[in-house]
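**Student:** Quick one, target36.txt (compact mmCIF, C-alpha atoms and all ligand atoms):
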```
# COMPACT_ATOMS: atom_id res chain seq x y z
CA MET Q 1306 -21.35 -161.18 4.57
CA LEU Q 1307 -19.51 -160.33 7.79
CA GLU Q 1308 -22.82 -160.40 9.62
CA GLN Q 1309 -23.53 -163.96 8.46
CA LYS Q 1310 -20.06 -165.05 9.40
CA LEU Q 1311 -20.33 -163.54 12.88
CA GLU Q 1312 -23.73 -165.11 13.38
CA CYS Q 1313 -22.37 -168.48 12.37
CA ILE Q 1314 -19.39 -168.18 14.74
CA PHE Q 1315 -21.61 -166.90 17.53
CA ASN Q 1316 -23.78 -169.99 17.14
CA GLN Q 1317 -20.81 -172.28 17.73
CA PHE Q 1318 -20.82 -171.21 21.38
CA ASN Q 1319 -22.88 -172.57 24.21
CA HIS Q 1320 -25.40 -169.89 25.28
CA ASN Q 1321 -29.10 -169.16 24.97
CA GLY Q 1322 -28.67 -166.03 22.86
CA GLU Q 1323 -30.39 -165.55 19.52
CA PHE Q 1324 -28.32 -163.40 17.15
CA ASP Q 1325 -29.90 -160.11 16.19
CA SER Q 1326 -27.17 -157.73 14.98
CA TYR Q 1327 -23.56 -156.73 15.60
CA GLU Q 1328 -21.45 -153.63 16.13
CA GLU Q 1329 -17.71 -153.40 15.78
CA LEU Q 1330 -15.90 -152.28 18.94
CA ALA Q 1331 -12.97 -150.67 17.21
CA SER Q 1332 -10.81 -149.21 19.97
CA GLY Q 1333 -8.27 -152.08 20.14
CA HIS Q 1334 -5.07 -152.06 18.07
CA ILE Q 1335 -4.61 -155.81 17.67
CA ASN Q 1336 -7.73 -158.02 17.79
CA ASP Q 1337 -11.11 -157.70 16.04
CA THR Q 1338 -13.89 -157.24 18.57
CA TYR Q 1339 -17.65 -157.21 18.04
CA LEU Q 1340 -20.63 -156.57 20.26
CA ILE Q 1341 -23.22 -159.22 19.47
CA LYS Q 1342 -26.73 -158.01 20.14
CA THR Q 1343 -29.22 -160.77 20.80
CA LYS Q 1344 -33.02 -160.70 20.64
CA GLU Q 1345 -33.03 -160.78 24.43
CA LYS Q 1346 -30.24 -159.73 26.79
CA PRO Q 1347 -27.56 -160.61 27.75
CA PHE Q 1348 -25.51 -159.37 24.82
CA PHE Q 1349 -22.07 -160.84 24.08
CA VAL Q 1350 -18.61 -159.72 23.04
CA LEU Q 1351 -17.13 -161.87 20.29
CA GLN Q 1352 -13.43 -161.54 19.64
CA ARG Q 1353 -11.05 -162.78 16.98
CA ILE Q 1354 -7.65 -163.11 18.58
CA ASN Q 1355 -4.83 -161.96 16.30
CA HIS Q 1356 -2.72 -165.10 16.12
CA GLY Q 1357 0.04 -163.27 14.25
CA VAL Q 1358 0.66 -161.32 17.46
CA PHE Q 1359 -0.42 -163.94 20.00
CA LYS Q 1360 1.37 -167.12 18.97
CA ASP Q 1361 -0.22 -169.34 21.61
CA VAL Q 1362 -3.93 -168.54 21.51
CA PRO Q 1363 -5.05 -171.60 23.51
CA GLY Q 1364 -2.53 -170.55 26.21
CA LEU Q 1365 -3.87 -167.00 26.16
CA ILE Q 1366 -7.48 -168.12 26.51
CA GLY Q 1367 -6.47 -170.58 29.23
CA ASN Q 1368 -4.91 -167.67 31.15
CA LYS Q 1369 -7.91 -165.42 30.98
CA VAL Q 1370 -10.43 -168.12 31.82
CA ALA Q 1371 -8.32 -169.23 34.81
CA ILE Q 1372 -7.97 -165.67 36.09
CA SER Q 1373 -11.70 -165.00 35.73
CA ARG Q 1374 -12.52 -168.19 37.61
CA HIS Q 1375 -10.11 -167.26 40.37
CA ILE Q 1376 -11.76 -163.85 40.77
CA GLN Q 1377 -15.27 -165.33 40.56
CA GLU Q 1378 -14.39 -167.68 43.39
CA LYS Q 1379 -13.13 -164.75 45.46
CA LEU Q 1380 -16.34 -162.82 44.81
CA LYS Q 1381 -18.72 -165.68 45.39
CA ASP Q 1382 -20.28 -164.01 48.41
CA LEU Q 1383 -21.48 -161.10 46.32
CA SER Q 1384 -24.98 -161.19 44.85
CA GLU Q 1385 -25.05 -162.93 41.46
CA LYS Q 1386 -25.82 -159.63 39.76
CA LYS Q 1387 -22.88 -157.87 41.39
CA GLN Q 1388 -20.51 -160.72 40.70
CA LYS Q 1389 -21.46 -160.73 37.01
CA ARG Q 1390 -20.71 -157.02 36.79
CA SER Q 1391 -17.33 -157.36 38.52
CA VAL Q 1392 -15.53 -159.98 36.46
CA LEU Q 1393 -15.51 -161.20 32.86
CA ALA Q 1394 -17.33 -164.48 32.20
CA PHE Q 1395 -16.52 -166.55 29.14
CA ALA Q 1396 -18.65 -169.13 27.33
CA ASP Q 1397 -17.31 -172.39 25.88
CA THR Q 1398 -18.23 -173.76 22.47
CA LYS Q 1399 -20.99 -176.32 22.18
CA THR Q 1400 -18.29 -178.98 22.08
CA GLY Q 1401 -16.78 -177.72 25.34
CA GLU Q 1402 -13.76 -175.81 24.01
CA PRO Q 1403 -12.94 -172.34 25.38
CA TYR Q 1404 -12.40 -171.05 21.81
CA TYR Q 1405 -13.60 -171.79 18.29
CA LYS Q 1406 -11.16 -172.21 15.42
CA ASP Q 1407 -12.70 -171.40 12.03
CA GLU Q 1408 -11.77 -172.92 8.65
CA GLU Q 1409 -9.36 -170.04 7.94
CA GLY Q 1410 -7.43 -170.83 11.10
CA ASN Q 1411 -8.76 -167.86 13.10
CA TYR Q 1412 -9.41 -168.23 16.81
CA TRP Q 1413 -12.57 -166.81 18.37
CA ASN Q 1414 -13.72 -166.48 21.93
CA ILE Q 1415 -16.80 -165.05 23.52
CA MET Q 1416 -17.70 -163.36 26.77
CA TYR Q 1417 -20.86 -161.96 28.32
CA PHE Q 1418 -21.29 -158.23 27.76
CA ILE Q 1419 -21.61 -156.23 30.97
CA ASP Q 1420 -24.64 -154.04 30.48
CA ASP Q 1421 -25.19 -150.41 31.56
CA SER Q 1422 -21.50 -149.73 31.51
CA VAL Q 1423 -19.20 -147.17 29.90
CA THR Q 1424 -15.53 -146.93 28.94
CA TYR Q 1425 -13.38 -143.84 28.47
CA GLU Q 1426 -10.54 -143.01 26.11
CA ILE Q 1427 -9.82 -139.72 27.88
CA VAL Q 1428 -10.48 -138.88 31.52
CA LYS Q 1429 -12.24 -135.62 32.36
CA ASP Q 1430 -12.90 -136.11 36.04
CA GLU Q 1431 -10.75 -136.84 39.10
CA LYS Q 1432 -13.31 -139.31 40.39
CA ILE Q 1433 -12.81 -141.50 37.32
CA ALA Q 1434 -9.04 -141.39 37.84
CA TYR Q 1435 -9.53 -142.48 41.46
CA GLU Q 1436 -11.97 -145.23 40.54
CA GLY Q 1437 -9.68 -146.49 37.79
CA GLY Q 1438 -6.86 -146.78 40.33
CA ARG Q 1439 -9.07 -148.41 42.92
CA LEU Q 1440 -10.37 -151.01 40.50
CA LEU Q 1441 -6.96 -151.86 39.16
CA GLY Q 1442 -5.56 -152.18 42.67
CA LYS Q 1443 -8.46 -154.49 43.46
CA PHE Q 1444 -7.75 -156.63 40.38
CA LEU Q 1445 -4.12 -157.03 41.45
CA THR Q 1446 -5.00 -157.88 45.04
CA LEU Q 1447 -7.63 -160.41 43.96
CA THR Q 1448 -5.11 -162.16 41.73
CA SER Q 1449 -2.20 -161.82 44.17
CA ASP Q 1450 -2.58 -165.39 45.46
CA PHE Q 1451 -2.76 -166.93 41.98
CA ASP Q 1452 0.48 -168.73 41.14
CA ALA Q 1453 1.89 -166.60 38.31
CA SER Q 1454 4.12 -169.44 37.12
CA LYS Q 1455 0.96 -171.30 36.04
CA LEU Q 1456 0.25 -168.64 33.42
CA THR Q 1457 1.46 -168.85 29.84
CA GLU Q 1458 3.74 -165.98 28.85
CA VAL Q 1459 1.50 -164.95 25.95
CA ILE Q 1460 4.02 -162.54 24.43
CA PRO Q 1461 7.52 -163.33 25.66
CA ASN Q 1462 9.46 -160.28 26.86
CA PHE Q 1463 6.39 -158.10 26.45
CA HIS Q 1464 7.60 -155.29 28.74
CA ASP Q 1465 11.28 -156.20 28.67
CA MET Q 1466 13.31 -153.07 28.01
CA SER Q 1467 16.40 -154.77 26.53
CA PHE Q 1468 14.14 -156.67 24.14
CA ARG Q 1469 12.33 -153.48 23.11
CA TYR Q 1470 15.66 -151.68 22.55
CA ALA Q 1471 16.90 -154.61 20.47
CA GLN Q 1472 13.74 -154.44 18.32
CA PHE Q 1473 14.27 -150.70 17.93
CA GLU Q 1474 17.88 -151.21 16.85
CA ASP Q 1475 16.81 -153.79 14.27
CA ALA Q 1476 14.21 -151.36 12.97
CA LEU Q 1477 16.90 -148.68 12.59
CA LYS Q 1478 18.85 -151.01 10.31
CA ASN Q 1479 15.89 -151.57 8.01
CA ALA Q 1480 13.96 -148.29 8.14
CA SER Q 1481 13.44 -146.13 5.06
CA ILE Q 1482 15.67 -143.06 4.83
CA GLU Q 1483 12.56 -140.90 4.80
CA ARG Q 1484 11.16 -142.27 8.06
CA MET Q 1485 14.60 -142.24 9.74
CA ASP Q 1486 14.97 -138.61 8.84
CA LYS Q 1487 11.50 -137.65 10.05
CA ALA Q 1488 12.05 -139.43 13.36
CA LYS Q 1489 15.60 -138.27 14.09
CA GLU Q 1490 14.61 -136.22 17.11
CA GLN Q 1491 12.70 -139.14 18.66
CA ILE Q 1492 15.53 -141.56 17.85
CA LYS Q 1493 17.88 -139.32 19.80
CA LEU Q 1494 15.48 -139.23 22.75
CA VAL Q 1495 15.47 -143.02 22.85
CA GLU Q 1496 19.27 -142.99 23.04
CA ASP Q 1497 19.34 -140.26 25.69
CA LEU Q 1498 16.94 -142.12 27.99
CA ARG Q 1499 18.55 -145.54 27.65
CA GLU Q 1500 20.14 -145.72 31.09
CA GLU Q 1501 17.25 -144.37 33.11
CA MET Q 1502 14.78 -146.57 31.26
CA HIS Q 1503 16.65 -149.70 32.34
CA ILE Q 1504 16.53 -149.02 36.10
CA ILE Q 1505 13.21 -150.79 36.69
CA GLN Q 1506 14.34 -153.74 34.62
CA HIS Q 1507 17.53 -154.11 36.68
CA LEU Q 1508 15.48 -154.05 39.88
CA LYS Q 1509 13.24 -156.74 38.44
CA GLU Q 1510 16.19 -158.88 37.40
CA SER Q 1511 17.82 -158.54 40.81
CA GLY Q 1512 14.60 -159.74 42.46
CA ALA Q 1513 14.12 -156.45 44.33
CA ILE Q 1514 10.89 -155.97 42.40
CA LYS Q 1515 8.79 -159.08 42.51
CA THR Q 1516 7.14 -160.91 39.61
CA ARG Q 1517 3.41 -161.48 40.09
CA VAL Q 1518 0.18 -161.85 38.12
CA THR Q 1519 -0.28 -158.65 36.12
CA HIS Q 1520 -2.68 -157.45 33.45
CA ASN Q 1521 -0.15 -155.75 31.16
CA ASP Q 1522 -2.60 -153.57 29.22
CA THR Q 1523 -4.19 -151.39 31.85
CA LYS Q 1524 -5.07 -148.41 29.69
CA ILE Q 1525 -8.18 -146.59 30.86
CA SER Q 1526 -10.30 -147.94 27.98
CA ASN Q 1527 -9.80 -151.40 29.51
CA ILE Q 1528 -11.62 -150.38 32.67
CA LEU Q 1529 -15.38 -150.63 32.71
CA PHE Q 1530 -17.40 -148.09 34.71
CA SER Q 1531 -21.02 -148.02 35.72
CA THR Q 1532 -23.12 -145.22 34.27
CA LYS Q 1533 -22.57 -143.51 37.65
CA ASN Q 1534 -18.79 -143.77 37.13
CA LYS Q 1535 -18.17 -146.45 39.71
CA GLY Q 1536 -15.33 -148.78 38.62
CA LEU Q 1537 -16.86 -152.15 37.74
CA CYS Q 1538 -14.56 -154.54 35.98
CA VAL Q 1539 -11.11 -154.75 34.39
CA ILE Q 1540 -11.53 -156.06 30.83
CA ASP Q 1541 -9.25 -157.21 27.97
CA THR Q 1542 -7.37 -159.81 29.97
CA ASP Q 1543 -5.56 -161.15 26.87
CA THR Q 1544 -2.18 -160.09 28.19
CA VAL Q 1545 -2.55 -161.36 31.75
CA MET Q 1546 0.74 -163.08 32.55
CA PRO Q 1547 3.64 -162.82 35.00
CA GLY Q 1548 4.90 -159.25 35.24
CA ILE Q 1549 5.64 -156.40 37.62
CA VAL Q 1550 3.20 -154.05 39.25
CA HIS Q 1551 5.01 -150.94 38.02
CA TYR Q 1552 3.91 -151.38 34.44
CA ASP Q 1553 0.27 -151.95 35.34
CA PHE Q 1554 0.43 -148.90 37.57
CA GLY Q 1555 2.10 -146.94 34.78
CA ASP Q 1556 0.02 -147.98 31.78
CA ALA Q 1557 -3.13 -146.73 33.47
CA ILE Q 1558 -1.38 -143.44 34.26
CA ARG Q 1559 -0.21 -143.17 30.66
CA THR Q 1560 -3.82 -142.95 29.57
CA ILE Q 1561 -5.61 -141.49 32.61
CA CYS Q 1562 -3.24 -138.55 33.04
CA ASN Q 1563 -2.87 -137.69 29.36
CA THR Q 1564 -5.14 -134.70 28.75
CA ALA Q 1565 -5.58 -135.92 25.16
CA ALA Q 1566 -6.01 -139.22 23.35
CA GLU Q 1567 -2.99 -141.45 22.70
CA ASP Q 1568 -2.92 -140.38 19.03
CA GLU Q 1569 -3.80 -136.69 19.37
CA THR Q 1570 -1.69 -134.85 16.81
CA ASN Q 1571 -1.92 -131.38 18.34
CA LEU Q 1572 0.81 -131.80 20.93
CA ASP Q 1573 -0.22 -128.60 22.72
CA LEU Q 1574 -3.21 -130.57 23.95
CA VAL Q 1575 -1.03 -133.34 25.38
CA GLU Q 1576 -0.21 -132.59 29.01
CA PHE Q 1577 0.33 -134.70 32.10
CA ASN Q 1578 -2.47 -134.04 34.60
CA ILE Q 1579 -0.96 -134.16 38.08
CA ASP Q 1580 -4.33 -134.00 39.89
CA TYR Q 1581 -5.48 -137.14 38.10
CA TYR Q 1582 -2.17 -138.75 38.95
CA ASN Q 1583 -2.66 -138.14 42.66
CA ALA Q 1584 -6.30 -139.27 42.56
CA TYR Q 1585 -5.39 -142.41 40.63
CA ALA Q 1586 -2.48 -143.28 42.93
CA LYS Q 1587 -4.69 -142.80 45.97
CA GLY Q 1588 -7.27 -145.21 44.57
CA PHE Q 1589 -4.62 -147.70 43.47
CA LEU Q 1590 -2.82 -147.76 46.80
CA LYS Q 1591 -5.98 -147.99 48.86
CA LYS Q 1592 -5.98 -151.76 48.43
CA MET Q 1593 -2.56 -152.34 46.98
CA LYS Q 1594 -0.21 -150.64 49.44
CA PRO Q 1595 0.08 -153.60 51.87
CA PHE Q 1596 1.09 -155.81 48.93
CA LEU Q 1597 4.08 -153.63 48.03
CA SER Q 1598 7.54 -153.48 49.55
CA PRO Q 1599 8.91 -150.01 50.41
CA LEU Q 1600 11.22 -150.28 47.41
CA GLU Q 1601 8.39 -151.26 45.07
CA LEU Q 1602 6.40 -148.32 46.33
CA GLU Q 1603 9.28 -145.93 45.95
CA TYR Q 1604 9.79 -146.86 42.32
CA LEU Q 1605 6.17 -146.59 41.18
CA PRO Q 1606 6.64 -143.09 39.67
CA LEU Q 1607 9.66 -144.20 37.67
CA GLY Q 1608 7.62 -147.25 36.64
CA ALA Q 1609 5.00 -144.89 35.23
CA LYS Q 1610 7.58 -142.92 33.26
CA THR Q 1611 9.15 -146.14 32.00
CA MET Q 1612 5.79 -147.48 30.85
CA ILE Q 1613 5.02 -144.33 28.87
CA PHE Q 1614 8.46 -144.69 27.32
CA ILE Q 1615 7.89 -148.36 26.39
CA MET Q 1616 4.82 -147.33 24.43
CA ALA Q 1617 6.64 -144.43 22.75
CA LEU Q 1618 9.43 -146.81 21.81
CA ARG Q 1619 7.07 -149.49 20.48
CA PHE Q 1620 5.09 -147.02 18.35
CA LEU Q 1621 8.32 -145.52 17.02
CA THR Q 1622 9.75 -148.97 16.26
CA ASP Q 1623 6.60 -149.96 14.38
CA TYR Q 1624 6.77 -146.72 12.39
CA LEU Q 1625 10.38 -147.43 11.44
CA ASN Q 1626 9.41 -150.99 10.52
CA GLY Q 1627 6.75 -149.71 8.12
CA ASP Q 1628 3.68 -150.27 10.34
CA VAL Q 1629 3.66 -154.03 10.64
CA TYR Q 1630 2.30 -154.50 14.17
CA TYR Q 1631 -0.40 -152.03 15.24
CA LYS Q 1632 -3.55 -151.32 13.28
CA THR Q 1633 -3.13 -147.86 11.74
CA LYS Q 1634 -5.66 -145.53 10.14
CA TYR Q 1635 -3.21 -143.47 8.02
CA PRO Q 1636 0.51 -143.66 7.12
CA GLU Q 1637 1.90 -141.49 9.94
CA HIS Q 1638 -0.39 -142.87 12.63
CA ASN Q 1639 2.31 -144.73 14.56
CA PHE Q 1640 4.65 -141.74 14.36
CA ASP Q 1641 1.91 -139.47 15.70
CA ARG Q 1642 1.32 -141.90 18.57
CA ALA Q 1643 5.04 -141.98 19.33
CA LYS Q 1644 5.36 -138.17 19.31
CA ASN Q 1645 2.33 -137.95 21.57
CA GLN Q 1646 3.88 -140.33 24.10
CA PHE Q 1647 7.23 -138.49 24.03
CA LYS Q 1648 5.40 -135.23 24.72
CA LEU Q 1649 3.67 -136.93 27.64
CA ILE Q 1650 7.04 -138.05 29.05
CA GLU Q 1651 8.31 -134.49 28.79
CA SER Q 1652 5.26 -133.13 30.61
CA PHE Q 1653 5.44 -135.93 33.20
CA SER Q 1654 9.09 -135.13 33.90
CA GLU Q 1655 8.33 -131.45 34.40
CA LYS Q 1656 5.61 -132.22 36.92
CA ILE Q 1657 6.98 -135.19 38.81
CA ASN Q 1658 10.40 -135.08 40.33
CA ILE Q 1659 11.28 -138.74 40.35
CA LEU Q 1660 14.48 -138.10 42.29
CA LYS Q 1661 12.53 -136.74 45.23
CA LYS Q 1662 10.84 -140.06 45.86
CA ASP Q 1663 10.49 -139.32 49.55
CA LYS Q 1664 8.28 -136.34 48.67
CA TRP Q 1665 5.87 -138.60 46.83
CA GLU Q 1666 3.26 -139.04 49.45
CA ILE Q 1667 0.31 -141.32 49.24
CA THR Q 1668 -1.81 -142.08 52.24
C1 LIG Q 1701 -2.41 -152.75 22.16
O1 LIG Q 1701 -4.99 -153.98 21.12
P1 LIG Q 1701 -5.02 -153.25 22.39
O2 LIG Q 1701 -5.50 -151.86 22.13
O3 LIG Q 1701 -5.75 -153.95 23.49
C2 LIG Q 1701 -1.15 -153.40 22.74
C3 LIG Q 1701 -0.83 -152.79 24.09
C4 LIG Q 1701 -0.71 -151.30 23.97
C5 LIG Q 1701 -1.96 -150.71 23.35
C6 LIG Q 1701 -1.79 -149.23 23.11
C7 LIG Q 1701 -0.82 -157.14 22.53
O4 LIG Q 1701 -3.51 -153.10 22.94
O5 LIG Q 1701 0.40 -153.32 24.56
O6 LIG Q 1701 -0.49 -150.72 25.23
O7 LIG Q 1701 -2.26 -151.35 22.10
N1 LIG Q 1701 -1.35 -154.83 22.87
C8 LIG Q 1701 -0.47 -155.71 22.38
O8 LIG Q 1701 -3.02 -148.60 23.00
O9 LIG Q 1701 0.56 -155.37 21.83
MG MG Q 1702 -5.12 -155.33 24.96
```
Translate this structure into structure tokens?
Ligand code: GN1
Ligand code: MG
**Tutor:**
Amino acid sequence: MLEQKLECIFNQFNHNGEFDSYEELASGHINDTYLIKTKEKPFFVLQRINHGVFKDVPGLIGNKVAISRHIQEKLKDLSEKKQKRSVLAFADTKTGEPYYKDEEGNYWNIMYFIDDSVTYEIVKDEKIAYEGGRLLGKFLTLTSDFDASKLTEVIPNFHDMSFRYAQFEDALKNASIERMDKAKEQIKLVEDLREEMHIIQHLKESGAIKTRVTHNDTKISNILFSTKNKGLCVIDTDTVMPGIVHYDFGDAIRTICNTAAEDETNLDLVEFNIDYYNAYAKGFLKKMKPFLSPLELEYLPLGAKTMIFIMALRFLTDYLNGDVYYKTKYPEHNFDRAKNQFKLIESFSEKINILKKDKWEIT
């Protein structure tokens, strides 16, 4: 049933592929993503965009196509093979639209699958941390001359701290007594960190930290590596929109430096790996440093802490709301994710002294 449906949707797009089979790529929390295997390569990635979360799907697809084209243009001197492995390429429908809308109102888009590649949920090697940083820095430098104001804000206030606190406060008003009671320790942590977690936002609002094109979902599983662990391509560009570099820097750290998966329930396994942090930052700043002001550079570590906190807060808020936003596999899944992220903040804070910014050396 699903197979027939996917085949039918796949055939709406303009490509030479003949459908053979599909596999669900289930690591995302929002969209439905499938690998479409064809009789002959290339394979494709077919994605249903969750329009409950993304209210302006045409805007979202417009963003990611425009950003891919911009990068393709920048990489046009590479061999065709290398270029195709370095940036996502999308296919239009047979009628020339960048997405297909089915009879149920769902939006679909398709991109070419980059072969001989791997993704990671957990990092086990400093080289991968470095490569992740290098590739992300490269993505941000390649898009640095794209006019961010031309991008649709696909989720307004996505990383806005006051907005996330307001959502949390609303959730507190409506949460079940049982969930409130279970989460009381985490609720207190959110209150305790309120001031510190607004510092980056104030710097953004004052203009001291600049708004630019950012990816906004730079977790490690959104970075594609070659089978030899060379960083290839930043994927999942759904949330590309105007933002600040600190959260892209930080979201990668949130996942690269966590010694366990984002939803690991044994919190003894959740630690912040400082060696991966240094390797990642070295890779990130290799290309990116000249694009940052001294102040932006100085606040990167706090940006990382703030990003981990944003995710802790969002998971906790969704738990208090009764799991209405993220896909969950069991009732306490969001709470487990939140506890995991709070543990990571604790470990981060033990290992990185944010106040000694001058001691944070990257060359
Ligand atoms: C969501 O769906 P996915 O996995 O690409 C979320 C991100 C979170 C991430 C946590 C639109 O991304 O913000 O960082 O889960 N995306 C949206 O793993 O909310
Ligand atoms: Mg995403």
**Student:** Neighbours of ligand LIG 1701 (chain Q) at 9 Å or closer, counting all atoms listed in the file: which residues, as a ChimeraX atom specification?
**Tutor:** /Q:1332-1337,1355,1358-1359,1459-1460,1463-1464,1521-1524,1526-1527,1541-1544,1556,1560,1567,1615-1616,1619-1620,1630-1632
**Student:** Could you check which of Q:Ile1372, Q:Phe1418, Q:Ala1331, Q:Met1502 is closest to ligand MG 1702 (chain Q), using all atoms listed in the file?
**Tutor:**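 Ranked by minimum distance to ligand MG 1702 (chain Q), first place goes to Q:Ala1331.
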**Student:** Considering all atoms listed in the file, can you say which of Q:Arg1642, Q:His1551, Q:Lys1634, Q:His1520 comes closest to ligand MG 1702 (chain Q)?
**Tutor:**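 Selected residue with least distance to ligand MG 1702 (chain Q): Q:His1520.
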**Student:** Using only C-alpha atoms, give me every residue within 12 Å of (-16.5, -142.8, 26.2) in file coordinates, as a ChimeraX atom specification.
**Tutor:** /Q:1330,1332,1422-1429,1433,1525-1532,1534,1566
**Student:** Find the nearest atom pair between each residue of region 1570-1652 of chain Q and region 1467-1484 of chain Q for residues within 7 Å, count only C-alpha atoms, give distances in Å to one decimal, sort rows by chain and ascending number, and present the table as a tab-separated table.
**Tutor:**
```
residue	atom	partner	partner_atom	distance
Q:Thr1622	CA	Q:Phe1473	CA	5.1
Q:Leu1625	CA	Q:Ala1480	CA	4.9
Q:Asn1626	CA	Q:Ala1476	CA	5.4
```
**Student:** Please reconstruct the missing atoms of region 1498-1516 of chain Q (target: N, CA and C atoms) and return them as a compact mmCIF listing (two decimals), in the frame of the given file.
**Tutor:**
```
# COMPACT_ATOMS: atom_id res chain seq x y z
N LEU Q 1498 17.63 -141.58 26.81
CA LEU Q 1498 16.94 -142.12 27.99
C LEU Q 1498 17.35 -143.55 28.32
N ARG Q 1499 18.24 -144.11 27.53
CA ARG Q 1499 18.55 -145.54 27.65
C ARG Q 1499 18.86 -146.00 29.09
N GLU Q 1500 19.73 -145.26 29.76
CA GLU Q 1500 20.14 -145.72 31.09
C GLU Q 1500 18.99 -145.68 32.10
N GLU Q 1501 18.35 -144.52 32.14
CA GLU Q 1501 17.25 -144.37 33.11
C GLU Q 1501 16.13 -145.39 32.85
N MET Q 1502 15.90 -145.67 31.59
CA MET Q 1502 14.78 -146.57 31.26
C MET Q 1502 15.09 -148.04 31.53
N HIS Q 1503 16.32 -148.32 31.96
CA HIS Q 1503 16.65 -149.70 32.34
C HIS Q 1503 16.64 -149.93 33.87
N ILE Q 1504 16.43 -148.87 34.63
CA ILE Q 1504 16.53 -149.02 36.10
C ILE Q 1504 15.51 -150.03 36.62
N ILE Q 1505 14.27 -149.89 36.20
CA ILE Q 1505 13.21 -150.79 36.69
C ILE Q 1505 13.54 -152.23 36.30
N GLN Q 1506 14.00 -152.39 35.07
CA GLN Q 1506 14.34 -153.74 34.62
C GLN Q 1506 15.44 -154.38 35.48
N HIS Q 1507 16.45 -153.56 35.83
CA HIS Q 1507 17.53 -154.11 36.68
C HIS Q 1507 16.98 -154.51 38.04
N LEU Q 1508 16.07 -153.71 38.57
CA LEU Q 1508 15.48 -154.05 39.88
C LEU Q 1508 14.66 -155.33 39.78
N LYS Q 1509 14.02 -155.51 38.65
CA LYS Q 1509 13.24 -156.74 38.44
C LYS Q 1509 14.21 -157.95 38.37
N GLU Q 1510 15.25 -157.77 37.58
CA GLU Q 1510 16.19 -158.88 37.40
C GLU Q 1510 16.91 -159.25 38.69
N SER Q 1511 17.13 -158.26 39.54
CA SER Q 1511 17.82 -158.54 40.81
C SER Q 1511 16.87 -159.17 41.83
N GLY Q 1512 15.58 -159.17 41.53
CA GLY Q 1512 14.60 -159.74 42.46
C GLY Q 1512 14.06 -158.72 43.44
N ALA Q 1513 14.59 -157.48 43.39
CA ALA Q 1513 14.12 -156.45 44.33
C ALA Q 1513 12.67 -156.07 44.03
N ILE Q 1514 12.30 -156.14 42.78
CA ILE Q 1514 10.89 -155.97 42.40
C ILE Q 1514 10.37 -157.35 42.02
N LYS Q 1515 9.26 -157.70 42.64
CA LYS Q 1515 8.79 -159.08 42.51
C LYS Q 1515 7.92 -159.31 41.26
N THR Q 1516 8.00 -160.52 40.74
CA THR Q 1516 7.14 -160.91 39.61
C THR Q 1516 5.84 -161.46 40.17
```
